[in-house]
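> Please find one structure pasted underneath; my questions will follow.
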Amino acid sequence: MRREKRYIVSLLVLCLAILLAGCGKISKEKEVEASEFITKMITAADGAVVSRVDCITELEAELIYNSQQVENYKFQFEAHNEYDKESGRTDSEIIAYKDGKPVNLRFHMSEEQGVFYIYTKYDQDVWYKYDTGFLKADMSRNFVSDMNLENAEILDFKKDYKKVNEKSTHKLSVRLKDASIRELLFESGFKALFYGREYNSIDLSDVNVRIDYFVDSENCMVMELEVQLDGMENFLREYTRFTNNSMVEEEFKEAKVKNGKVFYSNISYEDIRVPMLSFEDKKSSFLVYQKDSIYNLKSMDAEAELVCPRRWYIYEKDTNQLILIKCDGKMFISYRLHMPYNYEDLEKSLGDLSESHKVNGTYIADKKGPKIGDLDTYEIMTTKGRIIAATTAVNQSMLEIIIEDYSGDNNDVLISEILEKVKLKAIEF
């Protein structure tokens with residue numbers, strides 16, 4: 001009797017092991033069926049583009065630093081995208097929620113002299129313009145052509161799984177390998193995180209993607225997608241760098257995605273026309289530089305070569321004056337090269353600036369700062385941020401630089417880099 005019990009227990013354990021070994025694996029027959037269906041999807045997608053689509057995106061991530069400090073991020077995006085196949089123009093309306101607070105953004109992409117630019121704005125703000133880094137060949141716009149489905153790991157295939165818009169759909173579940181997922185991610189709303197920055201160069205090589213395709217059983221066109229994201233450490237590292245997080249980059253240790261979901265729905269393949277932005281909107285837009293650019297100021301007896309940093313834009317310019325603003329609106333730089341040199345006027349101006357903050361109740365302190373290159377510096381601390389003034393004489397002219405930093409990061413390295421890049425030249429008559 002005891003021997004029989006042992007035999008039964010051993011048999012149960014063996015059966016359980018067999019069941020567990022097969023758990024999660026698709027049958028060979030179903031895998032062949034799914035592969036044949038993928039071939040039909042790829043054929044159906046040839047030349048097809050998604051002209052309209054809605055998307056909901058969720059991302060919860062934990063960023064860990066060497067100091068053991070942990071930052072938690074929670075984002076949600078609601079996006080509506082429209083694409084004009086003929087012109088390549090796109091229009092996107094995105095509501096971005098960070099920690100529950102909504103921000104309305106609009107993105108318009110158009111081709112100008114062979115370059116695709118994005119025009120973007122917050123709510124009723126002005127338009128900002130920047131190079132996407134994309135080529136038209138990079139854009140398939142159909143969720144299939146660039147996904148390398150031939151080599152994807154097939155996880156499951158279910159026929160007549162559910163109805164979408166009154167049409168029966170099959171469900172195909174895959175894990176992607178070596179897919180071009182840039183469009184898949186950034187059209188979902190992630191481009192709102194990199195406002196004013198081209199995103200074609202962001203490293204996505206560590207992003208793991210699982211997709212549930214819901215595909216029309218008759219014409220094999222994708223009707224809906226549910227995407228699960230994991231990895232993304234490179235993406236999140238770049239996000240912290242881009243936003244100038246107060247933690248220095250070297251402190252970044254790792255990132256963990258707690259929840260990454262993307263859901264595309266209301267997919268349409270009908271050709272539409274996306275109108276151009278008005279001439280007035282384009283003319284009044286501000287170009288956000290994607291690389292450091294040189295600008296020169298001149299007075300009667302001096303020149304100043306300045307660097308417009310990447311991710312900044314020129315707000316106002318003249319032969320002897322330049323105003324730059326960082327694309328997140330948290331830093332301003334004003335350069336002015338003028339004659340004659342008058343340090344007393346500058347001291348009075350700085351004193352008046354301190355006094356105005358005292359009157360407003362925002363003043364904290366002021367002090368003389370370090371000498372950076374040829375520039376003398378002076379700093380005013382306020383409750384809203386800090387103001388750094390830097391000056392030097394060139395012949396009979398004076399270069400004045402006023403930096404307003406409202407980022408809260410007190411990024412002295414960035415301030416020093418801005419001032420150290422100034423090159424001065426005296427003009428002899």
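Ordering of the structure tokens sets the chain letters (A, B, ...), residue numbers begin anew at 1 in every chain, and ligands are numbered from 1 in the order given.
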At a cut-off of 12 Å, using only C-alpha atoms, what residues contact Ser354 of chain A? Leave out same-chain residues fewer than 4 positions from it and give the result as a list in words.
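My reading of the contact set: Glu347, Lys348, Ser349, Leu350, Lys358, Val359, Asn360, Gly361, Thr362, Tyr363, Ile364, Ala365, Asp366, Lys367, Tyr378, Glu379, Ile380, Met381, Thr382, Arg386, Ile387, Ile388 and Ala389 of chain A.
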> Can you list, as a list in words, every protein, DNA or RNA residue that comes within 12 Å of Glu428 of chain A when you count only C-alpha atoms, leaving out same-chain residues fewer than 4 positions away?
Ser299, Met300, Asp301, Ala302, Glu303, Val394, Asn395 and Gln396 of chain A
> Leaving out Gly231 of chain A and any residue of its chain fewer than 2 positions from it, which residues lie within 7 Å of it when counting only C-alpha atoms, given as a compact mmCIF listing (two decimals) with N, CA and C atoms, in the first residue's frame?

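And here is the file that came out, result_39.txt:
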# COMPACT_ATOMS: atom_id res chain seq x y z
N ASP A 206 17.77 48.86 -25.54
CA ASP A 206 17.49 48.00 -24.40
C ASP A 206 16.00 47.89 -24.09
N VAL A 207 15.16 48.46 -24.95
CA VAL A 207 13.71 48.41 -24.71
C VAL A 207 13.16 47.06 -25.14
N ASN A 208 12.50 46.37 -24.23
CA ASN A 208 11.84 45.11 -24.54
C ASN A 208 10.37 45.37 -24.84
N GLU A 233 16.20 51.66 -19.81
CA GLU A 233 17.15 52.39 -18.96
C GLU A 233 17.84 53.50 -19.74
N VAL A 257 11.44 49.90 -14.84
CA VAL A 257 10.08 50.20 -15.29
C VAL A 257 9.11 49.35 -14.48
> Smallest atom-to-atom distance to Gly196 of chain A: which of A:Asp46, A:Asp131, A:Asp292, A:Glu226, using only C-alpha atoms?
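For Gly196 of chain A, the nearest of the candidates is A:Asp131.
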> For segment 80-97 of chain A, find every residue with an atom within 6 Å (counting only C-alpha atoms), except residues of its own chain fewer than 5 positions away, and show them as a list of chain:residue names.
A:Ser51, A:Arg52, A:Val53, A:Asp54, A:Phe75, A:Pro102, A:Val103, A:Asn104, A:Leu105, A:Arg106, A:Phe107, A:His108, A:Met109, A:Ser110, A:Ile272, A:Arg273, A:Val274
> Point out the residue among A:Lys330, A:Lys298, A:Lys258, A:Lys159 with the least atom-to-atom distance to Leu59 of chain A, counting only C-alpha atoms.
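Closest residue, counting only C-alpha atoms: A:Lys258.
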> Measure the distance from atom CA of Arg241 of chain A to atom CA of Gly329 of chain A in Å and round it to one decimal.
16.3 Å
> Which residue gives the smallest distance to Arg311 of chain A among A:Lys423, A:His170, A:Lys30, A:Lys129, with only C-alpha atoms counted?
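Using only C-alpha atoms, Arg311 of chain A sits closest to A:Lys129.
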> Kindly give the distance, in Å, that separates atom CA of Ala48 of chain A and atom CA of Ser140 of chain A, rounded to a single decimal.
8.3 Å
> For Ser67 of chain A, list every protein, DNA or RNA residue within 9 Å, evaluated using only C-alpha atoms, and leave out those in the same chain fewer than 4 positions away; present the list as a compact mmCIF listing (two decimals) with N, CA, C and O atoms, in the first residue's frame.

# COMPACT_ATOMS: atom_id res chain seq x y z
N GLU A 251 25.95 60.10 -11.32
CA GLU A 251 25.29 59.49 -10.16
C GLU A 251 24.22 58.48 -10.56
O GLU A 251 23.76 57.70 -9.74
N PHE A 252 23.80 58.52 -11.82
CA PHE A 252 22.72 57.64 -12.28
C PHE A 252 23.19 56.19 -12.22
O PHE A 252 24.22 55.83 -12.78
N LYS A 253 22.43 55.35 -11.54
CA LYS A 253 22.81 53.95 -11.38
C LYS A 253 21.99 53.04 -12.27
O LYS A 253 22.52 52.29 -13.10
> Give the answer as one residue: which of A:Leu297, A:Ile314, A:Leu399, A:Tyr119 has the shortest atom-to-atom distance to Met276 of chain A, using only C-alpha atoms?
A:Tyr119
> Report the residues of segment 8-253 of chain A whose backbone DSSP state falls under strand (DSSP E or B), written as a PyMOL selection string.
chain A and resi 52-65+70-83+90-98+101-112+115-122+128-131+153-164+167-175+208-216+222-230+252-253
> Might you pull out every residue within 12 Å of Ser407 of chain A, with only C-alpha atoms counted and same-chain residues fewer than 2 positions away left off, and present them as a list in words?
Thr243, Asn244, Asn245, Ser246, Lys326, Cys327, Asp328, Gly329, Lys330, Met331, Phe332, Thr383, Lys384, Gly385, Arg386, Ile387, Ile403, Glu404, Asp405, Asp409, Asn410, Asn411, Asp412 and Leu414 of chain A
> Looking at A:Leu322, A:Ile154, A:Leu185, A:Leu277, which one is nearest to Val32 of chain A, with distances taken over only C-alpha atoms?
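Closest residue, counting only C-alpha atoms: A:Ile154.
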> Write out as a PyMOL selection string the set of residues from segment 155-382 of chain A that DSSP, computed on the backbone, places in alpha helix (DSSP H).
chain A and resi 182-186+233-242+279-284+343-360
> So that I can see what lies close to Phe194 of chain A, please list as JSON, numbers by chain the residues with an atom at most 9 Å from it, counting only C-alpha atoms and leaving out residues fewer than 3 positions away in the same chain.
{"A": [190, 191, 197, 198, 199, 239, 242, 243]}
> Select, from A:Thr391, A:Asn219, A:Thr43, A:Ser173, the residue with the minimum atom-to-atom distance to Lys368 of chain A, counting only C-alpha atoms.
A:Thr391
> How far is it from atom CA of Asp318 of chain A to atom CA of Leu306 of chain A, in Å with one decimal?
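Interatomic distance, atom CA of Asp318 of chain A to atom CA of Leu306 of chain A: 13.1 Å.
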